[in-house]
$ cat upload35.cif   # mmCIF, C-alpha atoms
data_target
loop_
_atom_site.label_atom_id
_atom_site.label_comp_id
_atom_site.auth_asym_id
_atom_site.auth_seq_id
_atom_site.Cartn_x
_atom_site.Cartn_y
_atom_site.Cartn_z
CA MET A 1 99.45 102.68 103.15
CA SER A 2 102.53 101.73 105.11
CA ALA A 3 105.99 101.98 103.59
CA ILE A 4 107.73 98.95 102.15
CA THR A 5 110.49 97.78 104.49
CA HIS A 6 111.55 94.44 102.98
CA HIS A 7 113.18 95.12 99.62
CA THR A 8 114.71 93.15 96.77
CA PRO A 9 118.44 92.64 97.52
CA ASP A 10 120.75 94.61 95.26
CA ALA A 11 122.45 91.56 93.76
CA MET A 12 119.06 90.19 92.77
CA LEU A 13 118.18 93.48 91.04
CA ALA A 14 121.49 93.38 89.17
CA ALA A 15 120.85 89.77 88.10
CA TYR A 16 117.33 90.72 87.06
CA ALA A 17 118.60 93.63 84.92
CA ALA A 18 121.22 91.37 83.34
CA GLY A 19 118.64 88.64 82.78
CA SER A 20 120.39 85.91 84.77
CA LEU A 21 117.68 85.58 87.43
CA PRO A 22 115.60 82.42 86.90
CA GLN A 23 112.17 83.11 85.40
CA PRO A 24 110.01 82.52 88.54
CA TYR A 25 112.09 84.95 90.63
CA ALA A 26 112.16 87.42 87.74
CA VAL A 27 108.34 87.49 87.84
CA VAL A 28 108.36 88.37 91.54
CA VAL A 29 111.12 90.97 91.17
CA ALA A 30 109.33 92.60 88.19
CA THR A 31 106.19 92.74 90.34
CA HIS A 32 108.05 94.17 93.33
CA ILE A 33 109.66 96.87 91.14
CA SER A 34 106.16 97.71 89.89
CA MET A 35 105.17 98.42 93.52
CA CYS A 36 108.38 99.85 95.02
CA MET A 37 109.94 103.11 93.90
CA GLU A 38 113.07 102.44 95.95
CA CYS A 39 113.79 99.21 94.11
CA ARG A 40 112.86 100.74 90.76
CA ALA A 41 115.54 103.38 91.35
CA SER A 42 118.08 100.68 92.26
CA PHE A 43 117.10 98.60 89.24
CA GLU A 44 117.57 101.60 86.95
CA ALA A 45 120.98 102.27 88.55
CA HIS A 46 122.01 98.78 87.47
CA GLN A 47 120.78 99.56 83.98
CA ALA A 48 123.12 102.57 84.09
CA VAL A 49 126.08 100.27 84.83
CA GLY A 50 125.07 98.04 81.92
CA GLY A 51 124.68 101.11 79.73
CA THR A 52 128.17 102.28 80.63
CA MET A 53 129.52 98.90 79.54
CA LEU A 54 127.54 99.01 76.31
CA ASP A 55 128.84 102.50 75.62
CA ALA A 56 132.44 101.36 76.14
CA THR A 57 132.11 98.31 73.87
CA PRO A 58 134.35 98.58 70.79
CA ALA A 59 132.41 98.99 67.55
CA THR A 60 131.97 95.95 65.29
CA ASP A 61 131.24 96.56 61.61
CA LEU A 62 127.64 96.11 60.57
CA SER A 63 126.66 94.64 57.23
CA ASP A 64 125.54 97.24 54.71
CA GLU A 65 121.99 95.87 54.48
CA LEU A 66 121.24 96.22 58.18
CA LYS A 67 120.64 99.95 58.18
CA ILE A 68 118.62 99.71 54.96
CA ASN A 69 116.50 96.93 56.47
CA VAL A 70 115.88 98.86 59.69
CA PHE A 71 114.91 102.06 57.89
CA ALA A 72 112.62 100.11 55.56
CA LEU A 73 110.76 98.83 58.62
CA LEU A 74 110.39 102.13 60.50
CA ASP A 75 107.02 102.94 58.99
CA ALA A 76 105.79 99.36 58.72
CA PRO A 77 102.56 98.75 60.64
CA VAL A 78 103.13 97.03 63.97
CA THR A 79 100.62 94.92 65.84
CA PRO A 80 100.69 96.41 69.32
CA GLN A 81 101.53 93.98 72.11
CA PRO A 82 98.91 93.91 74.86
CA VAL A 83 100.00 95.99 77.85
CA PHE A 84 98.86 94.63 81.20
CA GLN A 85 98.24 97.24 83.86
CA LYS A 86 97.52 96.76 87.52
CA SER A 87 94.04 95.47 88.21
CA GLY A 88 92.79 95.32 91.80
CA VAL A 89 95.73 94.22 93.92
CA TYR A 90 97.46 92.49 91.00
CA PRO A 91 100.31 94.49 89.36
CA GLY A 92 100.97 94.34 85.61
CA PRO A 93 103.40 91.39 85.57
CA VAL A 94 100.86 89.28 87.51
CA MET A 95 98.01 90.36 85.24
CA GLU A 96 100.13 89.33 82.27
CA LEU A 97 100.50 85.79 83.64
CA LEU A 98 96.78 85.78 84.50
CA GLU A 99 96.19 86.82 80.86
CA GLY A 100 94.06 89.72 82.06
CA GLN A 101 91.61 87.46 83.92
CA PRO A 102 90.90 87.30 87.68
CA PRO A 103 92.68 84.47 89.57
CA ARG A 104 91.15 81.00 89.31
CA TRP A 105 91.57 79.78 92.87
CA THR A 106 91.92 76.16 93.88
CA LYS A 107 91.01 75.30 97.48
CA LEU A 108 93.78 73.75 99.53
CA GLY A 109 91.67 73.38 102.70
CA VAL A 110 91.22 75.51 105.83
CA GLY A 111 90.37 78.46 103.65
CA ILE A 112 93.77 78.58 101.93
CA ARG A 113 93.59 78.87 98.16
CA GLN A 114 96.14 79.00 95.41
CA ASN A 115 96.46 79.66 91.71
CA ILE A 116 99.57 78.45 89.90
CA ILE A 117 100.18 81.13 87.28
CA SER A 118 103.44 79.86 85.82
CA SER A 119 105.20 76.53 86.02
CA ASN A 120 108.05 75.08 84.00
CA SER A 121 111.43 73.45 84.45
CA SER A 122 112.88 76.61 86.02
CA GLY A 123 110.29 76.58 88.83
CA SER A 124 106.84 77.90 89.53
CA VAL A 125 104.96 81.04 90.50
CA ARG A 126 101.66 80.97 92.33
CA LEU A 127 99.20 83.24 94.05
CA LEU A 128 98.30 82.28 97.62
CA TYR A 129 95.17 83.37 99.48
CA ILE A 130 95.34 83.00 103.26
CA PRO A 131 92.37 83.96 105.47
CA PRO A 132 93.09 86.24 108.46
CA GLY A 133 94.58 84.38 111.42
CA GLN A 134 95.36 81.31 109.32
CA ALA A 135 98.86 79.83 109.39
CA VAL A 136 100.58 78.20 106.45
CA PRO A 137 102.14 75.21 108.24
CA ASP A 138 105.88 74.62 108.06
CA HIS A 139 106.87 73.75 104.61
CA SER A 140 110.34 73.06 103.37
CA HIS A 141 111.53 74.47 100.09
CA ASN A 142 114.22 72.78 98.12
CA GLY A 143 115.72 76.08 97.09
CA LEU A 144 114.94 79.73 97.46
CA GLU A 145 111.37 80.88 98.00
CA LEU A 146 110.35 84.49 97.30
CA THR A 147 107.05 85.71 98.75
CA LEU A 148 105.63 89.13 97.91
CA VAL A 149 102.58 90.49 99.74
CA LEU A 150 99.89 91.93 97.42
CA GLN A 151 97.11 92.34 99.99
CA GLY A 152 96.86 92.15 103.79
CA SER A 153 99.91 91.09 105.77
CA PHE A 154 101.57 88.10 107.40
CA SER A 155 104.03 87.57 110.21
CA ASP A 156 106.54 84.87 110.96
CA ASP A 157 109.66 84.41 113.07
CA THR A 158 111.62 86.75 110.82
CA GLY A 159 109.24 89.71 110.97
CA TRP A 160 106.11 91.44 109.69
CA PHE A 161 105.36 91.66 105.98
CA GLY A 162 102.83 94.13 104.60
CA VAL A 163 101.77 95.11 101.08
CA GLY A 164 104.82 95.35 98.83
CA ASP A 165 107.16 93.58 101.25
CA LEU A 166 109.27 90.76 99.87
CA GLU A 167 110.32 87.79 102.00
CA ILE A 168 113.27 85.72 100.87
CA ALA A 169 113.46 82.30 102.46
CA ASP A 170 116.23 79.83 101.75
CA GLU A 171 116.11 76.12 102.43
CA HIS A 172 117.39 76.64 105.97
CA LEU A 173 114.49 78.81 107.07
CA GLU A 174 111.73 76.94 108.83
CA HIS A 175 108.89 79.36 109.16
CA THR A 176 105.18 79.40 109.82
CA PRO A 177 103.81 82.47 108.08
CA THR A 178 100.49 83.50 109.68
CA ALA A 179 98.07 85.93 108.05
CA ASP A 180 97.29 88.87 110.31
CA ALA A 181 93.81 90.09 111.18
CA GLY A 182 92.22 92.28 108.54
CA PRO A 183 91.71 91.51 104.87
CA PRO A 184 92.79 88.06 103.62
CA CYS A 185 96.48 87.92 102.83
CA ILE A 186 97.23 87.49 99.12
CA CYS A 187 100.82 86.70 98.17
CA LEU A 188 102.80 86.04 95.04
CA ALA A 189 105.26 83.21 95.70
CA ALA A 190 108.03 81.77 93.55
CA THR A 191 110.16 78.68 94.00
CA ASP A 192 112.87 77.37 91.73
CA ALA A 193 112.07 73.71 92.26
CA GLN A 194 108.97 72.47 90.50
CA LEU A 195 106.36 72.00 93.19
CA ARG A 196 105.12 68.48 93.72
CA PHE A 197 101.61 68.96 94.89
CA SER A 198 101.06 65.32 95.67
CA THR A 199 103.53 65.71 98.50
CA PHE A 200 102.96 69.39 99.18
CA LEU A 201 99.24 69.05 99.76
CA PRO A 202 99.34 66.35 102.47
CA ARG A 203 102.20 68.17 104.12
CA LEU A 204 100.07 71.28 104.18
CA LEU A 205 97.03 69.54 105.59
CA GLN A 206 98.69 67.06 107.91
CA PRO A 207 99.22 69.29 110.95
CA LEU A 208 95.85 70.89 110.56
CA PHE A 209 93.87 67.71 110.50
CA ARG A 210 96.28 65.91 112.81
CA ILE A 211 96.45 63.02 110.43
CA MET B 1 114.95 107.49 51.83
CA LEU B 2 115.90 109.57 54.84
CA THR B 3 113.79 112.61 55.27
CA ALA B 4 115.36 115.49 57.10
CA SER B 5 112.45 116.27 59.34
CA SER B 6 114.30 118.30 61.90
CA ASP B 7 117.29 120.55 62.15
CA ILE B 8 116.76 121.46 65.77
CA LYS B 9 120.04 122.12 67.52
CA PRO B 10 120.59 121.09 71.14
CA ILE B 11 120.37 124.58 72.48
CA GLU B 12 117.28 125.33 70.43
CA TRP B 13 115.64 122.19 71.74
CA LEU B 14 116.24 123.31 75.28
CA ALA B 15 115.13 126.84 74.58
CA LYS B 16 112.02 125.54 72.90
CA SER B 17 111.19 123.11 75.66
CA THR B 18 111.95 125.05 78.77
CA PRO B 19 111.41 128.65 79.71
CA ARG B 20 114.46 128.50 82.00
CA LYS B 21 116.98 130.09 79.63
CA ASP B 22 119.55 130.46 82.38
CA ILE B 23 119.97 126.69 82.27
CA VAL B 24 120.57 126.85 78.55
CA VAL B 25 123.47 129.18 79.16
CA ALA B 26 124.79 126.85 81.84
CA ALA B 27 124.51 123.99 79.35
CA ALA B 28 127.31 125.54 77.32
CA GLY B 29 129.70 124.63 80.14
CA PRO B 30 131.23 121.24 80.78
CA SER B 31 127.90 119.75 81.80
CA GLU B 32 125.93 119.98 78.61
CA ILE B 33 123.36 117.41 77.58
CA SER B 34 124.95 114.60 75.59
CA GLN B 35 124.52 114.24 71.86
CA GLN B 36 122.92 110.81 72.33
CA THR B 37 120.21 112.22 74.59
CA ILE B 38 119.51 115.04 72.16
CA TRP B 39 119.16 112.55 69.27
CA MET B 40 116.91 110.34 71.35
CA LEU B 41 114.65 113.24 72.34
CA ALA B 42 114.40 114.29 68.69
CA VAL B 43 113.34 110.73 67.87
CA ARG B 44 110.89 110.67 70.76
CA ASP B 45 109.33 114.09 70.32
CA GLN B 46 109.74 114.82 66.60
CA ARG B 47 110.02 111.27 65.16
CA ASP B 48 113.22 112.57 63.57
CA LYS B 49 114.72 109.98 61.21
CA VAL B 50 117.97 111.91 60.79
CA ALA B 51 118.49 111.80 64.55
CA PHE B 52 117.56 108.11 64.47
CA ALA B 53 120.23 107.53 61.80
CA SER B 54 122.76 109.18 64.12
CA LEU B 55 121.68 106.90 66.98
CA PHE B 56 121.95 103.92 64.65
CA ASP B 57 125.47 104.86 63.57
CA TYR B 58 126.56 105.40 67.16
CA PHE B 59 124.93 102.47 68.92
CA GLY B 60 124.53 99.87 66.13
CA PRO B 61 128.21 98.85 65.91
CA ARG B 62 128.59 98.92 69.71
CA LEU B 63 125.45 96.85 70.12
CA LYS B 64 126.72 94.24 67.70
CA GLY B 65 130.00 93.95 69.61
CA PHE B 66 128.14 93.82 72.92
CA VAL B 67 125.73 91.11 71.78
CA MET B 68 128.53 89.02 70.26
CA ARG B 69 130.32 88.96 73.62
CA SER B 70 127.55 86.63 74.81
CA GLY B 71 128.58 84.16 72.13
CA MET B 72 126.13 85.03 69.36
CA SER B 73 127.24 84.72 65.74
CA SER B 74 127.61 87.81 63.60
CA SER B 75 124.33 87.21 61.75
CA GLN B 76 122.41 86.36 64.95
CA ALA B 77 123.81 89.50 66.55
CA GLU B 78 122.65 91.62 63.62
CA GLU B 79 119.14 90.26 64.03
CA VAL B 80 119.20 91.37 67.66
CA VAL B 81 120.61 94.78 66.67
CA GLN B 82 117.79 95.18 64.14
CA ASP B 83 115.14 94.29 66.75
CA VAL B 84 116.70 96.61 69.32
CA MET B 85 116.95 99.54 66.92
CA LEU B 86 113.31 99.06 65.88
CA THR B 87 112.27 98.90 69.54
CA ILE B 88 114.13 102.17 70.18
CA TRP B 89 112.12 103.77 67.37
CA ARG B 90 108.77 102.28 68.35
CA LYS B 91 109.03 102.62 72.13
CA ALA B 92 110.75 106.01 72.12
CA ALA B 93 107.88 107.50 74.16
CA LEU B 94 109.08 105.45 77.14
CA PHE B 95 112.53 107.05 77.19
CA ASP B 96 112.81 109.40 80.16
CA PRO B 97 116.06 111.40 80.35
CA HIS B 98 115.21 112.47 83.91
CA ARG B 99 115.96 108.90 85.00
CA ALA B 100 118.22 107.34 82.39
CA GLN B 101 120.94 107.92 79.90
CA VAL B 102 120.21 106.56 76.44
CA SER B 103 122.84 103.83 76.88
CA ALA B 104 121.15 102.55 80.07
CA TRP B 105 117.77 102.42 78.37
CA ILE B 106 119.20 100.61 75.33
CA TYR B 107 121.16 98.20 77.55
CA GLN B 108 117.91 96.94 79.08
CA ILE B 109 116.13 96.65 75.72
CA THR B 110 119.11 94.66 74.44
CA ARG B 111 119.33 92.26 77.37
CA ASN B 112 115.57 91.68 77.22
CA ARG B 113 115.76 90.89 73.52
CA GLN B 114 118.78 88.60 73.93
CA ILE B 115 117.04 86.63 76.65
CA ASP B 116 113.84 86.32 74.66
CA VAL B 117 115.90 84.92 71.76
CA ILE B 118 118.09 82.60 73.85
CA ARG B 119 115.45 81.23 76.21
CA LYS B 120 112.51 81.53 73.84
CA GLU B 121 110.39 82.88 76.65
CA GLN B 122 108.96 86.30 77.32
CA ARG B 123 110.85 88.09 80.04
CA PRO B 124 108.65 89.45 82.84
CA LEU B 125 108.90 93.25 82.84
CA PRO B 126 107.83 95.81 85.45
CA GLU B 127 104.93 98.11 84.68
CA GLU B 128 106.08 101.08 82.64
CA LEU B 129 105.59 104.48 84.20
CA ALA B 130 103.98 106.56 81.49
CA GLN B 131 105.10 110.15 81.38
CA ASP B 132 102.69 113.00 81.21
CA PRO B 133 103.27 114.27 77.66
CA GLY B 134 102.89 117.84 78.92
CA THR B 135 105.84 117.56 81.34
CA GLU B 136 108.45 120.25 80.74
CA PRO B 137 111.95 118.77 80.52
CA ASP B 138 114.08 119.70 83.52
CA ALA B 139 117.53 120.33 82.07
CA ASN B 140 119.14 120.38 85.51
CA GLN B 141 117.84 116.93 86.31
CA ILE B 142 118.80 115.58 82.87
CA MET B 143 122.34 116.89 83.19
CA ALA B 144 122.63 115.62 86.75
CA VAL B 145 121.69 112.10 85.58
CA GLU B 146 124.35 112.34 82.87
CA GLN B 147 126.94 113.57 85.36
CA GLU B 148 126.21 110.57 87.58
CA GLY B 149 126.66 108.40 84.49
CA GLN B 150 130.05 109.99 83.91
CA LYS B 151 131.06 109.37 87.53
CA LEU B 152 129.99 105.76 87.17
CA LYS B 153 132.09 105.44 84.03
CA GLN B 154 135.10 106.83 85.88
CA ALA B 155 134.52 104.51 88.83
CA LEU B 156 134.43 101.54 86.45
CA SER B 157 137.60 102.65 84.70
CA ARG B 158 139.44 102.81 88.02
CA LEU B 159 138.69 99.19 88.86
CA LYS B 160 141.45 96.61 88.67
CA PRO B 161 141.15 94.50 85.49
CA GLU B 162 140.01 91.41 87.39
CA GLN B 163 137.33 93.40 89.26
CA ARG B 164 136.18 94.95 86.02
CA GLU B 165 135.93 91.53 84.45
CA ILE B 166 133.62 90.35 87.22
CA ILE B 167 131.38 93.40 86.81
CA GLU B 168 131.25 92.84 83.06
CA LYS B 169 130.33 89.19 83.55
CA ALA B 170 127.59 90.19 85.97
CA TYR B 171 125.98 92.65 83.56
CA LEU B 172 126.35 90.28 80.61
CA GLY B 173 124.21 87.84 82.57
CA GLU B 174 127.00 85.36 83.24
CA LEU B 175 126.78 85.37 87.05
CA THR B 176 123.97 84.21 89.32
CA HIS B 177 122.65 86.63 91.91
CA GLN B 178 124.46 84.63 94.60
CA GLU B 179 127.73 85.11 92.72
CA ILE B 180 127.00 88.81 92.27
CA SER B 181 126.27 89.36 95.96
CA ALA B 182 129.57 87.73 96.85
CA GLN B 183 131.56 89.77 94.38
CA THR B 184 130.51 93.25 93.48
CA ASP B 185 130.73 96.46 95.33
CA LEU B 186 129.98 99.40 93.07
CA PRO B 187 129.31 102.91 94.37
CA LEU B 188 125.72 103.17 93.15
CA GLY B 189 124.30 105.23 96.01
CA THR B 190 124.47 108.65 94.38
CA ILE B 191 123.11 107.59 91.01
CA LYS B 192 120.26 105.82 92.79
CA SER B 193 119.35 108.99 94.65
CA ARG B 194 119.45 110.95 91.42
CA ILE B 195 117.24 108.43 89.59
CA ARG B 196 114.94 108.53 92.58
CA LEU B 197 114.52 112.28 92.05
CA GLY B 198 113.66 111.58 88.41
CA LEU B 199 111.05 109.10 89.58
CA GLU B 200 109.59 111.65 91.98
CA LYS B 201 108.49 113.58 88.91
CA LEU B 202 106.18 110.68 88.15
CA ARG B 203 105.01 110.41 91.70
CA HIS B 204 101.37 111.17 91.04
CA GLU B 205 101.25 108.13 88.80
CA LEU B 206 103.05 105.94 91.29
CA LYS B 207 100.42 106.83 93.84
CA GLU B 208 97.81 105.55 91.48
CA LEU B 209 99.73 102.31 91.10
CA ARG B 210 100.01 101.65 94.79
#
$ encode --input "upload35.cif" --output "structure tokens"
Amino acid sequence: MSAITHHTPDAMLAAYAAGSLPQPYAVVVATHISMCMECRASFEAHQAVGGTMLDATPATDLSDELKINVFALLDAPVTPQPVFQKSGVYPGPVMELLEGQPPRWTKLGVGIRQNIISSNSSGSVRLLYIPPGQAVPDHSHNGLELTLVLQGSFSDDTGWFGVGDLEIADEHLEHTPTADAGPPCICLAATDAQLRFSTFLPRLLQPLFRI
Amino acid sequence: MLTASSDIKPIEWLAKSTPRKDIVVAAAGPSEISQQTIWMLAVRDQRDKVAFASLFDYFGPRLKGFVMRSGMSSSQAEEVVQDVMLTIWRKAALFDPHRAQVSAWIYQITRNRQIDVIRKEQRPLPEELAQDPGTEPDANQIMAVEQEGQKLKQALSRLKPEQREIIEKAYLGELTHQEISAQTDLPLGTIKSRIRLGLEKLRHELKELR
């Protein structure tokens, strides 16, 4: 297993700890932290800054009932929340969005498959499956696109990305990620603009079929 | 209602948990384990409600003030404080003093809860690294994490008021990551390395995750 060389930027980890990172990116960052000890340490350092602030916050009086209410609930039975652990190449945060099931792939042509696992007004998160040697043709993103490798590897103009590596592409980057030889490349990708598949799909297939 | 289930003193806890008594002696110096950590470990390991009451009295009023800074009303803030305090009690097993001070751990629980309430969506969280229940506490590592926390506190107190305000905004979730990358420059290197050492203790599990 090679070491992770493309990490989550520090500011993004701080925003994730504080909760200001948009949901789709937060999914990818939570997944990257699950795979990368370096970024987990950085993330926890940001929690320490937040903790220092919390500790320095002046006290505000609590109502008398609050403590009574909390103590009354300490022994109350709690329905445990399901905990999603890594399964195969999919870390816990991905398994949570997959609701514990394997991906349900949709074919996009030329062997590329995807599974949209989260989509709302703040953007979308999807799994991408790219066969070895296959290129994902140039695609523009309206905003920031985060791509995290879960299996295999891909290369583009900016470098080589193996398991655990995170690529951050802004709207200025025109890139043609190509899956390397070896196992199929499986990525977790997040964009902040809601994907419009009616336009995305032809754009994806156009150069391949020369239509 | 409160049952005094434990009267373990800090030093006794250390002596009980670790055979390295030399560290216990060292703990009497300026670098002793904080009261908050000792309470939290009593909650985690002994389910000590007296220690939990101490944590409640210390953090509850601070938490309310902290949550209200994000614009929540007093009653809304108390609901969050209640949820956070109950999470501290129920998820105590996840607290690891080799990596975090109690305040850091509670900060994250609080922000998660606030976001769940405000956005009405479940925040994606990293996989938890379960600790081996048989792990002996390493007092040196615990104190080193706390010392780094102290250094961080001092670094923050030395900032100019306007710099401090930006940091506070960032960690209250009021800045985007682009705004944070343009603004902040905190000396986090040493605390990161120290947390990293705490994580190394869990390395066997991380290997399984990879």
$ interface_residues --input "upload35.cif" --of "chain B" --to "chain A" --cutoff "6 Å" --atoms "only C-alpha atoms" --output "number ranges by chain"
B: 61-62, 65, 103-104, 107, 124-127, 171-173, 177, 180-181, 192, 195-196
$ resolve_selection --input "upload35.cif" --expression "the PyMOL selection byres ((chain B and resi 185) around 12)" --output "MDAnalysis selection string"
(chainID A and resid 10:11 14 46) or (chainID B and resid 155:156 159 163:164 166:167 170 180:184 186:189)
$ write_last_selection --input "upload35.cif" --atoms "C-alpha atoms" --output "PDB file, in the coordinates of the input"
ATOM      1  CA  ASP A  10     120.750  94.610  95.260  1.00  0.00           C
ATOM      2  CA  ALA A  11     122.450  91.560  93.760  1.00  0.00           C
ATOM      3  CA  ALA A  14     121.490  93.380  89.170  1.00  0.00           C
ATOM      4  CA  HIS A  46     122.010  98.780  87.470  1.00  0.00           C
TER       5      HIS A  46
ATOM      6  CA  ALA B 155     134.520 104.510  88.830  1.00  0.00           C
ATOM      7  CA  LEU B 156     134.430 101.540  86.450  1.00  0.00           C
ATOM      8  CA  LEU B 159     138.690  99.190  88.860  1.00  0.00           C
ATOM      9  CA  GLN B 163     137.330  93.400  89.260  1.00  0.00           C
ATOM     10  CA  ARG B 164     136.180  94.950  86.020  1.00  0.00           C
ATOM     11  CA  ILE B 166     133.620  90.350  87.220  1.00  0.00           C
ATOM     12  CA  ILE B 167     131.380  93.400  86.810  1.00  0.00           C
ATOM     13  CA  ALA B 170     127.590  90.190  85.970  1.00  0.00           C
ATOM     14  CA  ILE B 180     127.000  88.810  92.270  1.00  0.00           C
ATOM     15  CA  SER B 181     126.270  89.360  95.960  1.00  0.00           C
ATOM     16  CA  ALA B 182     129.570  87.730  96.850  1.00  0.00           C
ATOM     17  CA  GLN B 183     131.560  89.770  94.380  1.00  0.00           C
ATOM     18  CA  THR B 184     130.510  93.250  93.480  1.00  0.00           C
ATOM     19  CA  LEU B 186     129.980  99.400  93.070  1.00  0.00           C
ATOM     20  CA  PRO B 187     129.310 102.910  94.370  1.00  0.00           C
ATOM     21  CA  LEU B 188     125.720 103.170  93.150  1.00  0.00           C
ATOM     22  CA  GLY B 189     124.300 105.230  96.010  1.00  0.00           C
TER      23      GLY B 189
END
$ closest_residue --input "upload35.cif" --among "A:Glu174, A:Gln151, A:Ala76, A:Glu145" --to "A:Ser124" --atoms "all atoms listed in the file"
A:Glu145
$ closest_residue --input "upload35.cif" --among "B:Val102, B:Ile118, B:Val67, B:Met85" --to "B:Ser34" --atoms "all atoms listed in the file"
B:Val102
$ closest_residue --input "upload35.cif" --among "B:Val84, B:Ile191, B:Leu152, B:Ala144" --to "B:Asp116" --atoms "only C-alpha atoms"
B:Val84
$ atom_distance --input "upload35.cif" --atom1 "atom CA of A:Pro131" --atom2 "atom CA of A:Pro102"
18.2 Å
$ atom_distance --input "upload35.cif" --atom1 "atom CA of B:Val145" --atom2 "atom CA of B:Ile38"
13.9 Å
$ resolve_selection --input "upload35.cif" --expression "the PyMOL selection byres ((chain A and resi 180-194) around 7)" --output "ChimeraX atom specification"
/A:24-25,28,121-133,142-155,178-179,195-196
$ atom_distance --input "upload35.cif" --atom1 "atom CA of B:Thr110" --atom2 "atom CA of B:Leu86"
11.2 Å
$ closest_residue --input "upload35.cif" --among "B:Arg119, B:Lys160, B:Arg113, B:Arg44" --to "B:Arg90" --atoms "only C-alpha atoms"
B:Arg44
$ closest_residue --input "upload35.cif" --among "A:Lys107, A:Glu65, A:Ser118, A:Phe161" --to "A:Met95" --atoms "all atoms listed in the file"
A:Ser118
$ residues_around --input "upload35.cif" --residues "B:Lys201" --least-positions-apart "4" --cutoff "10 Å" --atoms "only C-alpha atoms" --output "short mmCIF file (atom, residue, chain, number, x, y, z; two decimals) with C-alpha atoms, keeping the file's coordinate frame"
data_model
loop_
_atom_site.label_atom_id
_atom_site.label_comp_id
_atom_site.auth_asym_id
_atom_site.auth_seq_id
_atom_site.Cartn_x
_atom_site.Cartn_y
_atom_site.Cartn_z
CA HIS B 98 115.21 112.47 83.91
CA ARG B 99 115.96 108.90 85.00
CA GLN B 131 105.10 110.15 81.38
CA ASP B 132 102.69 113.00 81.21
CA THR B 135 105.84 117.56 81.34
CA ASP B 138 114.08 119.70 83.52
CA ARG B 196 114.94 108.53 92.58
CA LEU B 197 114.52 112.28 92.05
CA GLU B 205 101.25 108.13 88.80
CA LEU B 206 103.05 105.94 91.29
#
$ build_atoms --input "upload35.cif" --residues "stretch 84-95 of chain A" --atoms "N, CA and C atoms" --output "mmCIF file, in the frame of the given file"
data_model
loop_
_atom_site.group_PDB
_atom_site.id
_atom_site.type_symbol
_atom_site.label_atom_id
_atom_site.label_comp_id
_atom_site.auth_asym_id
_atom_site.auth_seq_id
_atom_site.Cartn_x
_atom_site.Cartn_y
_atom_site.Cartn_z
ATOM 1 N N PHE A 84 99.655 95.001 80.025
ATOM 2 C CA PHE A 84 98.860 94.630 81.200
ATOM 3 C C PHE A 84 99.138 95.602 82.330
ATOM 4 N N GLN A 85 98.126 96.307 82.753
ATOM 5 C CA GLN A 85 98.240 97.240 83.860
ATOM 6 C C GLN A 85 97.689 96.596 85.124
ATOM 7 N N LYS A 86 98.022 97.236 86.241
ATOM 8 C CA LYS A 86 97.520 96.760 87.520
ATOM 9 C C LYS A 86 95.992 96.686 87.508
ATOM 10 N N SER A 87 95.478 95.602 88.072
ATOM 11 C CA SER A 87 94.040 95.470 88.210
ATOM 12 C C SER A 87 93.754 94.949 89.615
ATOM 13 N N GLY A 88 92.985 95.697 90.393
ATOM 14 C CA GLY A 88 92.790 95.320 91.800
ATOM 15 C C GLY A 88 94.121 95.351 92.520
ATOM 16 N N VAL A 89 94.445 94.261 93.199
ATOM 17 C CA VAL A 89 95.730 94.220 93.920
ATOM 18 C C VAL A 89 96.836 93.603 93.063
ATOM 19 N N TYR A 90 96.511 93.240 91.815
ATOM 20 C CA TYR A 90 97.460 92.490 91.000
ATOM 21 C C TYR A 90 98.206 93.411 90.035
ATOM 22 N N PRO A 91 99.528 93.636 90.262
ATOM 23 C CA PRO A 91 100.310 94.490 89.360
ATOM 24 C C PRO A 91 100.434 93.890 87.954
ATOM 25 N N GLY A 92 100.885 94.722 87.015
ATOM 26 C CA GLY A 92 100.970 94.340 85.610
ATOM 27 C C GLY A 92 101.594 92.986 85.325
ATOM 28 N N PRO A 93 102.782 92.680 85.895
ATOM 29 C CA PRO A 93 103.400 91.390 85.570
ATOM 30 C C PRO A 93 102.538 90.184 85.991
ATOM 31 N N VAL A 94 101.770 90.358 87.078
ATOM 32 C CA VAL A 94 100.860 89.280 87.510
ATOM 33 C C VAL A 94 99.680 89.192 86.541
ATOM 34 N N MET A 95 99.135 90.353 86.180
ATOM 35 C CA MET A 95 98.010 90.360 85.240
ATOM 36 C C MET A 95 98.404 89.734 83.911
#
